[in-house]
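S.K.: Input file: coords-v7.cif. Contents: mmCIF, C-alpha atoms.
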data_data
loop_
_atom_site.group_PDB
_atom_site.id
_atom_site.type_symbol
_atom_site.label_atom_id
_atom_site.label_comp_id
_atom_site.auth_asym_id
_atom_site.auth_seq_id
_atom_site.Cartn_x
_atom_site.Cartn_y
_atom_site.Cartn_z
ATOM 1 C CA MET A 1 7.283 -29.199 -52.379
ATOM 2 C CA PRO A 2 3.821 -27.971 -53.416
ATOM 3 C CA LEU A 3 2.241 -30.339 -55.905
ATOM 4 C CA GLY A 4 -0.125 -27.833 -57.496
ATOM 5 C CA VAL A 5 -3.226 -30.023 -57.512
ATOM 6 C CA LYS A 6 -5.678 -28.838 -60.141
ATOM 7 C CA ARG A 7 -9.354 -29.761 -60.268
ATOM 8 C CA GLY A 8 -11.632 -29.799 -63.270
ATOM 9 C CA THR A 9 -14.792 -31.199 -64.815
ATOM 10 C CA VAL A 10 -15.194 -32.790 -68.227
ATOM 11 C CA ARG A 11 -18.676 -32.244 -69.633
ATOM 12 C CA LEU A 12 -19.858 -35.087 -71.815
ATOM 13 C CA THR A 13 -23.048 -35.789 -73.702
ATOM 14 C CA GLY A 14 -25.566 -36.427 -70.929
ATOM 15 C CA ASN A 15 -23.004 -36.641 -68.150
ATOM 16 C CA GLU A 16 -19.870 -35.171 -66.613
ATOM 17 C CA ILE A 17 -16.790 -36.418 -64.793
ATOM 18 C CA GLU A 18 -14.729 -34.586 -62.205
ATOM 19 C CA TYR A 19 -10.987 -35.101 -62.036
ATOM 20 C CA PHE A 20 -7.875 -33.719 -60.456
ATOM 21 C CA SER A 21 -4.339 -33.598 -61.773
ATOM 22 C CA PHE A 22 -0.843 -32.831 -60.526
ATOM 23 C CA GLY A 23 2.732 -33.067 -61.721
ATOM 24 C CA SER A 24 4.590 -31.576 -64.659
ATOM 25 C CA GLY A 25 5.986 -34.554 -66.537
ATOM 26 C CA ASP A 26 5.533 -35.163 -70.263
ATOM 27 C CA ARG A 27 3.881 -38.574 -69.846
ATOM 28 C CA ALA A 28 0.263 -39.026 -68.780
ATOM 29 C CA PHE A 29 -0.393 -41.275 -65.774
ATOM 30 C CA VAL A 30 -4.117 -41.993 -65.404
ATOM 31 C CA MET A 31 -5.438 -43.351 -62.104
ATOM 32 C CA LEU A 32 -8.801 -45.106 -62.000
ATOM 33 C CA PRO A 33 -9.738 -45.781 -58.363
ATOM 34 C CA GLY A 34 -11.725 -48.626 -56.893
ATOM 35 C CA LEU A 35 -15.266 -48.730 -55.578
ATOM 36 C CA SER A 36 -15.787 -46.376 -52.648
ATOM 37 C CA VAL A 37 -18.602 -44.555 -50.905
ATOM 38 C CA LYS A 38 -16.705 -41.262 -50.654
ATOM 39 C CA SER A 39 -15.634 -38.944 -53.461
ATOM 40 C CA VAL A 40 -12.117 -39.495 -54.752
ATOM 41 C CA THR A 41 -11.625 -35.817 -55.544
ATOM 42 C CA ALA A 42 -12.255 -34.983 -51.872
ATOM 43 C CA SER A 43 -8.965 -36.759 -51.122
ATOM 44 C CA ALA A 44 -7.038 -35.118 -53.961
ATOM 45 C CA GLU A 45 -4.273 -33.566 -51.849
ATOM 46 C CA SER A 46 -3.773 -36.775 -49.866
ATOM 47 C CA ILE A 47 -3.549 -38.903 -53.011
ATOM 48 C CA ALA A 48 -1.186 -36.427 -54.646
ATOM 49 C CA SER A 49 1.064 -36.565 -51.597
ATOM 50 C CA MET A 50 1.161 -40.376 -51.684
ATOM 51 C CA TYR A 51 2.058 -40.370 -55.390
ATOM 52 C CA ARG A 52 4.323 -37.316 -55.335
ATOM 53 C CA ARG A 53 7.323 -39.279 -56.687
ATOM 54 C CA PHE A 54 5.548 -39.450 -60.064
ATOM 55 C CA SER A 55 5.126 -35.673 -60.340
ATOM 56 C CA ARG A 56 8.451 -34.947 -62.059
ATOM 57 C CA ASP A 57 8.238 -37.504 -64.870
ATOM 58 C CA PHE A 58 4.461 -37.702 -65.243
ATOM 59 C CA THR A 59 1.383 -35.551 -65.168
ATOM 60 C CA VAL A 60 -1.021 -37.575 -63.053
ATOM 61 C CA TRP A 61 -4.758 -37.538 -63.742
ATOM 62 C CA CYS A 62 -7.262 -39.134 -61.348
ATOM 63 C CA PHE A 63 -10.870 -39.531 -62.482
ATOM 64 C CA GLU A 64 -14.002 -39.597 -60.373
ATOM 65 C CA ARG A 65 -16.942 -41.793 -61.386
ATOM 66 C CA PRO A 66 -19.559 -40.119 -63.623
ATOM 67 C CA LYS A 67 -21.723 -37.562 -61.824
ATOM 68 C CA PHE A 68 -25.037 -38.866 -63.137
ATOM 69 C CA LEU A 69 -25.660 -42.537 -62.449
ATOM 70 C CA PHE A 70 -28.764 -44.462 -63.430
ATOM 71 C CA GLU A 71 -30.433 -47.779 -62.712
ATOM 72 C CA ASN A 72 -28.656 -50.735 -64.315
ATOM 73 C CA ILE A 73 -25.574 -48.707 -65.223
ATOM 74 C CA THR A 74 -22.808 -51.107 -66.277
ATOM 75 C CA ILE A 75 -19.026 -51.276 -66.144
ATOM 76 C CA ASP A 76 -19.161 -50.821 -69.929
ATOM 77 C CA ASP A 77 -20.958 -47.491 -69.392
ATOM 78 C CA LEU A 78 -18.427 -46.358 -66.786
ATOM 79 C CA ALA A 79 -15.539 -47.292 -69.073
ATOM 80 C CA GLU A 80 -17.002 -45.414 -72.027
ATOM 81 C CA TYR A 81 -17.671 -42.242 -70.011
ATOM 82 C CA THR A 82 -14.097 -42.333 -68.710
ATOM 83 C CA ALA A 83 -12.688 -42.965 -72.183
ATOM 84 C CA GLN A 84 -14.609 -39.981 -73.521
ATOM 85 C CA ALA A 85 -13.234 -37.831 -70.702
ATOM 86 C CA MET A 86 -9.686 -38.928 -71.541
ATOM 87 C CA LEU A 87 -10.273 -38.117 -75.215
ATOM 88 C CA ALA A 88 -11.650 -34.689 -74.311
ATOM 89 C CA LEU A 89 -8.489 -33.950 -72.318
ATOM 90 C CA GLY A 90 -6.200 -35.262 -75.058
ATOM 91 C CA LEU A 91 -4.830 -38.102 -72.923
ATOM 92 C CA LYS A 92 -3.561 -40.591 -75.482
ATOM 93 C CA ASN A 93 -0.875 -43.260 -74.996
ATOM 94 C CA ALA A 94 -1.309 -42.955 -71.246
ATOM 95 C CA CYS A 95 0.074 -45.152 -68.493
ATOM 96 C CA VAL A 96 -3.116 -46.363 -66.812
ATOM 97 C CA PHE A 97 -3.286 -47.672 -63.241
ATOM 98 C CA GLY A 98 -6.647 -49.276 -62.493
ATOM 99 C CA ALA A 99 -7.323 -50.513 -58.967
ATOM 100 C CA SER A 100 -10.149 -52.975 -58.238
ATOM 101 C CA MET A 101 -13.256 -51.541 -59.962
ATOM 102 C CA GLY A 102 -10.933 -49.075 -61.671
ATOM 103 C CA GLY A 103 -9.101 -52.056 -63.131
ATOM 104 C CA MET A 104 -12.367 -53.400 -64.487
ATOM 105 C CA THR A 105 -13.024 -50.170 -66.371
ATOM 106 C CA ALA A 106 -9.377 -49.859 -67.414
ATOM 107 C CA GLN A 107 -9.464 -53.211 -69.203
ATOM 108 C CA LEU A 108 -12.451 -52.173 -71.283
ATOM 109 C CA ILE A 109 -10.933 -48.787 -72.106
ATOM 110 C CA ALA A 110 -7.732 -50.465 -73.310
ATOM 111 C CA ILE A 111 -9.696 -53.007 -75.368
ATOM 112 C CA ARG A 112 -12.068 -50.530 -77.016
ATOM 113 C CA HIS A 113 -9.813 -47.475 -77.233
ATOM 114 C CA PRO A 114 -6.279 -48.825 -77.727
ATOM 115 C CA GLU A 115 -5.004 -45.390 -78.695
ATOM 116 C CA LEU A 116 -5.608 -44.185 -75.137
ATOM 117 C CA VAL A 117 -3.472 -46.750 -73.303
ATOM 118 C CA ASP A 118 0.243 -47.370 -73.740
ATOM 119 C CA ARG A 119 0.798 -49.359 -70.539
ATOM 120 C CA LEU A 120 -1.732 -50.889 -68.196
ATOM 121 C CA LEU A 121 -1.273 -51.900 -64.569
ATOM 122 C CA LEU A 122 -4.188 -53.923 -63.227
ATOM 123 C CA ALA A 123 -4.278 -53.869 -59.425
ATOM 124 C CA SER A 124 -6.343 -56.317 -57.342
ATOM 125 C CA THR A 125 -8.963 -56.637 -60.040
ATOM 126 C CA CYS A 126 -10.764 -59.196 -62.167
ATOM 127 C CA ALA A 127 -12.041 -59.693 -65.687
ATOM 128 C CA ARG A 128 -15.242 -61.361 -64.466
ATOM 129 C CA LEU A 129 -16.765 -61.756 -61.033
ATOM 130 C CA ASN A 130 -16.400 -65.057 -59.227
ATOM 131 C CA ASP A 131 -18.593 -66.413 -56.437
ATOM 132 C CA THR A 132 -16.448 -64.848 -53.706
ATOM 133 C CA ALA A 133 -16.647 -61.415 -55.284
ATOM 134 C CA ARG A 134 -20.401 -61.647 -55.782
ATOM 135 C CA ALA A 135 -20.940 -62.609 -52.138
ATOM 136 C CA VAL A 136 -18.675 -59.891 -50.715
ATOM 137 C CA MET A 137 -19.931 -57.101 -52.935
ATOM 138 C CA GLY A 138 -23.506 -58.262 -52.427
ATOM 139 C CA ARG A 139 -23.018 -57.841 -48.674
ATOM 140 C CA TRP A 140 -21.683 -54.309 -49.171
ATOM 141 C CA VAL A 141 -24.675 -53.398 -51.308
ATOM 142 C CA GLU A 142 -27.089 -54.826 -48.715
ATOM 143 C CA CYS A 143 -25.531 -52.713 -45.956
ATOM 144 C CA ALA A 144 -25.633 -49.616 -48.157
ATOM 145 C CA GLU A 145 -29.263 -50.199 -49.118
ATOM 146 C CA ALA A 146 -30.126 -50.518 -45.427
ATOM 147 C CA GLY A 147 -28.196 -47.348 -44.613
ATOM 148 C CA ASP A 148 -26.344 -49.233 -41.858
ATOM 149 C CA VAL A 149 -23.081 -47.288 -41.499
ATOM 150 C CA ASP A 150 -21.581 -49.507 -38.782
ATOM 151 C CA ALA A 151 -22.257 -52.758 -40.633
ATOM 152 C CA PHE A 152 -21.074 -51.196 -43.873
ATOM 153 C CA CYS A 153 -17.742 -50.110 -42.378
ATOM 154 C CA ASP A 154 -17.253 -53.437 -40.627
ATOM 155 C CA SER A 155 -17.908 -55.365 -43.839
ATOM 156 C CA PHE A 156 -15.350 -53.199 -45.653
ATOM 157 C CA ILE A 157 -12.593 -53.347 -43.067
ATOM 158 C CA ASP A 158 -13.031 -57.083 -42.500
ATOM 159 C CA VAL A 159 -12.089 -57.990 -46.075
ATOM 160 C CA LEU A 160 -10.224 -55.079 -47.655
ATOM 161 C CA TYR A 161 -7.061 -55.071 -45.572
ATOM 162 C CA GLY A 162 -4.479 -57.305 -44.001
ATOM 163 C CA LYS A 163 -4.787 -57.917 -40.268
ATOM 164 C CA GLU A 164 -2.015 -55.533 -39.194
ATOM 165 C CA PHE A 165 -3.270 -52.649 -41.357
ATOM 166 C CA ALA A 166 -6.868 -53.137 -40.218
ATOM 167 C CA GLN A 167 -5.851 -53.085 -36.564
ATOM 168 C CA LYS A 168 -3.744 -49.968 -37.031
ATOM 169 C CA PHE A 169 -6.111 -47.890 -39.162
ATOM 170 C CA GLY A 170 -9.553 -49.437 -38.586
ATOM 171 C CA ASP A 171 -10.720 -46.722 -36.189
ATOM 172 C CA PHE A 172 -9.538 -43.984 -38.545
ATOM 173 C CA ILE A 173 -11.400 -45.577 -41.466
ATOM 174 C CA ARG A 174 -14.595 -45.804 -39.412
ATOM 175 C CA ALA A 175 -14.277 -42.176 -38.329
ATOM 176 C CA ALA A 176 -13.819 -41.061 -41.931
ATOM 177 C CA HIS A 177 -17.073 -42.789 -42.907
ATOM 178 C CA LYS A 178 -19.281 -41.924 -39.936
ATOM 179 C CA ASN A 179 -21.300 -39.345 -41.883
ATOM 180 C CA ILE A 180 -22.222 -41.231 -45.038
ATOM 181 C CA SER A 181 -25.184 -39.521 -46.678
ATOM 182 C CA LYS A 182 -28.192 -41.192 -48.294
ATOM 183 C CA GLU A 183 -27.014 -39.897 -51.683
ATOM 184 C CA GLU A 184 -23.552 -41.416 -51.169
ATOM 185 C CA PHE A 185 -25.096 -44.761 -50.274
ATOM 186 C CA LYS A 186 -27.390 -44.561 -53.316
ATOM 187 C CA ARG A 187 -24.419 -43.961 -55.629
ATOM 188 C CA PHE A 188 -22.500 -46.786 -53.997
ATOM 189 C CA VAL A 189 -25.365 -49.221 -54.569
ATOM 190 C CA LEU A 190 -25.543 -48.352 -58.272
ATOM 191 C CA LEU A 191 -21.780 -48.683 -58.685
ATOM 192 C CA GLY A 192 -21.638 -51.892 -56.668
ATOM 193 C CA LYS A 193 -24.348 -53.484 -58.775
ATOM 194 C CA ALA A 194 -22.585 -52.306 -61.936
ATOM 195 C CA CYS A 195 -19.629 -54.553 -61.094
ATOM 196 C CA ALA A 196 -21.847 -57.614 -61.561
ATOM 197 C CA SER A 197 -22.182 -56.698 -65.247
ATOM 198 C CA LEU A 198 -18.467 -57.123 -65.914
ATOM 199 C CA ASN A 199 -17.396 -59.519 -68.653
ATOM 200 C CA ALA A 200 -14.035 -58.454 -70.016
ATOM 201 C CA TYR A 201 -12.534 -61.952 -69.928
ATOM 202 C CA ASP A 202 -13.867 -63.014 -73.323
ATOM 203 C CA PHE A 203 -12.323 -59.915 -74.923
ATOM 204 C CA LEU A 204 -8.896 -59.864 -73.271
ATOM 205 C CA ASP A 205 -7.276 -61.268 -76.407
ATOM 206 C CA ARG A 206 -8.015 -57.899 -78.049
ATOM 207 C CA LEU A 207 -5.858 -56.063 -75.526
ATOM 208 C CA ARG A 208 -2.621 -54.957 -77.197
ATOM 209 C CA CYS A 209 -0.845 -52.692 -74.688
ATOM 210 C CA ARG A 210 1.916 -53.843 -72.374
ATOM 211 C CA THR A 211 0.258 -55.038 -69.155
ATOM 212 C CA LEU A 212 1.259 -55.969 -65.613
ATOM 213 C CA VAL A 213 -1.090 -57.575 -63.081
ATOM 214 C CA ILE A 214 -0.478 -57.187 -59.343
ATOM 215 C CA GLY A 215 -2.565 -58.922 -56.718
ATOM 216 C CA ALA A 216 -2.360 -60.379 -53.204
ATOM 217 C CA GLN A 217 -2.618 -63.926 -51.947
ATOM 218 C CA ASN A 218 -4.980 -62.748 -49.199
ATOM 219 C CA ASP A 219 -7.388 -60.837 -51.462
ATOM 220 C CA ARG A 220 -10.704 -61.722 -49.864
ATOM 221 C CA VAL A 221 -12.759 -59.535 -52.194
ATOM 222 C CA LEU A 222 -11.893 -60.579 -55.748
ATOM 223 C CA THR A 223 -9.339 -63.337 -54.863
ATOM 224 C CA ALA A 224 -5.770 -63.871 -56.011
ATOM 225 C CA GLN A 225 -7.052 -66.319 -58.613
ATOM 226 C CA ALA A 226 -8.783 -63.465 -60.421
ATOM 227 C CA SER A 227 -5.402 -61.786 -60.949
ATOM 228 C CA VAL A 228 -3.844 -65.085 -62.045
ATOM 229 C CA GLU A 229 -6.686 -65.630 -64.520
ATOM 230 C CA ILE A 230 -6.087 -62.293 -66.245
ATOM 231 C CA ALA A 231 -2.312 -62.759 -66.424
ATOM 232 C CA GLU A 232 -2.643 -66.284 -67.836
ATOM 233 C CA LYS A 233 -5.137 -65.160 -70.475
ATOM 234 C CA LEU A 234 -2.900 -62.244 -71.519
ATOM 235 C CA GLY A 235 0.429 -63.986 -71.057
ATOM 236 C CA CYS A 236 1.638 -60.873 -69.241
ATOM 237 C CA GLY A 237 3.626 -60.189 -66.084
ATOM 238 C CA LEU A 238 2.137 -61.104 -62.702
ATOM 239 C CA TYR A 239 3.219 -60.321 -59.164
ATOM 240 C CA LEU A 240 1.363 -61.597 -56.096
ATOM 241 C CA TYR A 241 2.045 -60.212 -52.638
ATOM 242 C CA GLY A 242 1.947 -62.601 -49.678
ATOM 243 C CA SER A 243 -0.745 -63.244 -47.117
ATOM 244 C CA GLU A 244 0.190 -60.262 -44.930
ATOM 245 C CA TYR A 245 -1.637 -57.941 -47.344
ATOM 246 C CA GLY A 246 -5.254 -57.816 -48.449
ATOM 247 C CA HIS A 247 -7.282 -56.579 -51.403
ATOM 248 C CA CYS A 248 -6.054 -52.999 -50.858
ATOM 249 C CA VAL A 249 -2.413 -54.044 -51.042
ATOM 250 C CA PHE A 250 -1.838 -50.968 -53.225
ATOM 251 C CA ASP A 251 -2.419 -48.878 -50.073
ATOM 252 C CA GLU A 252 -0.642 -51.260 -47.699
ATOM 253 C CA ALA A 253 2.608 -52.506 -49.268
ATOM 254 C CA PRO A 254 5.449 -49.965 -48.877
ATOM 255 C CA ASP A 255 7.051 -50.929 -52.204
ATOM 256 C CA TYR A 256 3.871 -50.912 -54.290
ATOM 257 C CA LYS A 257 4.387 -47.447 -55.772
ATOM 258 C CA ASP A 258 7.960 -48.406 -56.634
ATOM 259 C CA ARG A 259 6.592 -51.269 -58.704
ATOM 260 C CA ILE A 260 4.195 -48.927 -60.505
ATOM 261 C CA TYR A 261 6.979 -46.461 -61.201
ATOM 262 C CA ARG A 262 9.361 -49.094 -62.561
ATOM 263 C CA PHE A 263 6.749 -50.593 -64.855
ATOM 264 C CA PHE A 264 5.667 -47.241 -66.270
ATOM 265 C CA SER A 265 9.243 -45.957 -66.592
ATOM 266 C CA GLU A 266 11.250 -48.929 -67.826
ATOM 267 C CA GLN A 267 12.351 -49.029 -71.445
ATOM 268 C CA GLU A 268 11.056 -51.672 -73.836
#
How would this structure read if it were set down as structure tokens?

M.R.:
Amino acid sequence: MPLGVKRGTVRLTGNEIEYFSFGSGDRAFVMLPGLSVKSVTASAESIASMYRRFSRDFTVWCFERPKFLFENITIDDLAEYTAQAMLALGLKNACVFGASMGGMTAQLIAIRHPELVDRLLLASTCARLNDTARAVMGRWVECAEAGDVDAFCDSFIDVLYGKEFAQKFGDFIRAAHKNISKEEFKRFVLLGKACASLNAYDFLDRLRCRTLVIGAQNDRVLTAQASVEIAEKLGCGLYLYGSEYGHCVFDEAPDYKDRIYRFFSEQE
């Protein structure tokens, strides 16, 4: 069944954000992806296919990072640009799925713009960076600054996925990233450094929407403890996958999308 993926651009004051959408449901499902070196919108059809089960009950909106980045841009800046894009599109009371860096921005959107978020699913994310996260992301930034594609891909694959997934798809992931441009690396460095600015933890008590946190015991990027920390501070639901999955458990676990669907669809 054709999903009718639509692309668009929201023009903001001093910036703009690309997005794509699909589905015909009455409820808004907003996806905020994690840190990556490649454009999210370039994978629109693939993402739509993976999340096609949501297309009947939801209209799904996936946002790219802002087009114009600048030195010392922060997670707060990214969250505010995204919130303004949601407001411009009339996306209020949305079900928001934020993965990794997307979860960082999603927390701040929900805290500062409560009218935009009805339910919040925080996937493999954190409210503040720990030592593990700083070391891992620092290594990624170093590889990107050096323009070393092989080291960059190796450093990603080594920590993002469980062993079985990495063995199965590692070559495909490397092939997909063999032509990283200087501009893509530059954007990645700015976004990677932005993550170090995150401090949502002290403001989590202002978050009012219904929230679920999902992580993985073998998250070697942000750690499982980061997910536990958020859930304990909020007193919300928490589910941790076992050691067979890594940080990108949302791409690995076959039942992950079922969990998203149930949380966003279940009645109060």

S.K.: Which protein, DNA or RNA residues have an atom at most 12 Å from (-24.3, -39.1, -67.6), counting only C-alpha atoms? List them as number ranges by chain.

M.R.: A: 10-18, 65-71, 73, 77-78, 80-82, 84-85

S.K.: Using all atoms listed in the file, tabulate the residues of stretch 138-246 of chain A lying at most 7 Å from any atom of stretch 29-40 of chain A, each with its closest atom pair and that distance in Å to one decimal, by chain and increasing residue number, as a Markdown table.

M.R.:
| residue | atom | partner | partner_atom | distance |
| --- | --- | --- | --- | --- |
| A:Glu184 | CA | A:Val37 | CA | 5.9 |
| A:Phe185 | CA | A:Val37 | CA | 6.5 |
| A:Phe188 | CA | A:Val37 | CA | 5.5 |

S.K.: For A:Gln107, which residue out of A:Ala196, A:Cys126, A:Val221, A:Cys153 is the nearest one, using only C-alpha atoms?

M.R.: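 Ranking A:Ala196, A:Cys126, A:Val221, A:Cys153 by distance to A:Gln107, first place goes to A:Cys126.
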
S.K.: Enumerate, as a ChimeraX atom specification, the residues matched when the PyMOL selection byres ((chain A and resi 214) around 6) is run on the file above.

M.R.: /A:123,213,215,238-240

S.K.: In terms of the shortest atom-to-atom distance over all atoms listed in the file, which of A:Gly102, A:Gly90, A:Gly170, A:Gly192 is closest to A:Ala133?

M.R.: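 Of all the options, A:Gly192 lies closest to A:Ala133.
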
S.K.: For the atom pair atom CA of A:Cys62 and atom CA of A:Tyr19, what is the interatomic distance in Å to one decimal place?

M.R.: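 Separation of atom CA of A:Cys62 and atom CA of A:Tyr19: 5.5 Å.
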
S.K.: Would you list the contacts of A:Gly4 as a ChimeraX atom specification, taking every protein, DNA or RNA residue within 12 Å and counting all atoms listed in the file, but skipping same-chain residues closer than 6 positions in sequence?

M.R.: /A:20-24,44-45,48-49,52,55,59-60

S.K.: I need the residue nearest A:Leu160 from this list: A:Leu222, A:Val189, A:Cys236, A:Val5. Use all atoms listed in the file for the distance.

M.R.: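 The answer is A:Leu222, which sits nearest to A:Leu160.
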
S.K.: From the list A:Ala151, A:Leu120, A:Cys95, A:Ile109, which residue is nearest A:Arg174 when using all atoms listed in the file?

M.R.: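 Nearest candidate to A:Arg174 out of A:Ala151, A:Leu120, A:Cys95, A:Ile109: A:Ala151.
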
S.K.: Using all atoms listed in the file, which of A:Ala83, A:Ala166, A:Ala99, A:Ala216 sits nearest A:Leu122?

M.R.: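 With all atoms listed in the file as the atom set, the closest residue is A:Ala99.
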
S.K.: Can you sort out the box for stretch 13-21 of chain A, edges along x, y and z, all listed atoms in, 5 Å on every side, with centre and edge lengths in Å to one decimal, as AutoDock Vina command-line options?

M.R.:
--center_x -15.0 --center_y -35.1 --center_z -67.1 --size_x 31.2 --size_y 13.0 --size_z 23.2

S.K.: Evaluate the PyMOL selection byres ((chain A and resi 197) around 9) and record the selected residues as a PyMOL selection string, following the chain and residue labels used in the document.

M.R.: chain A and resi 72-76+128-129+193-196+198-199
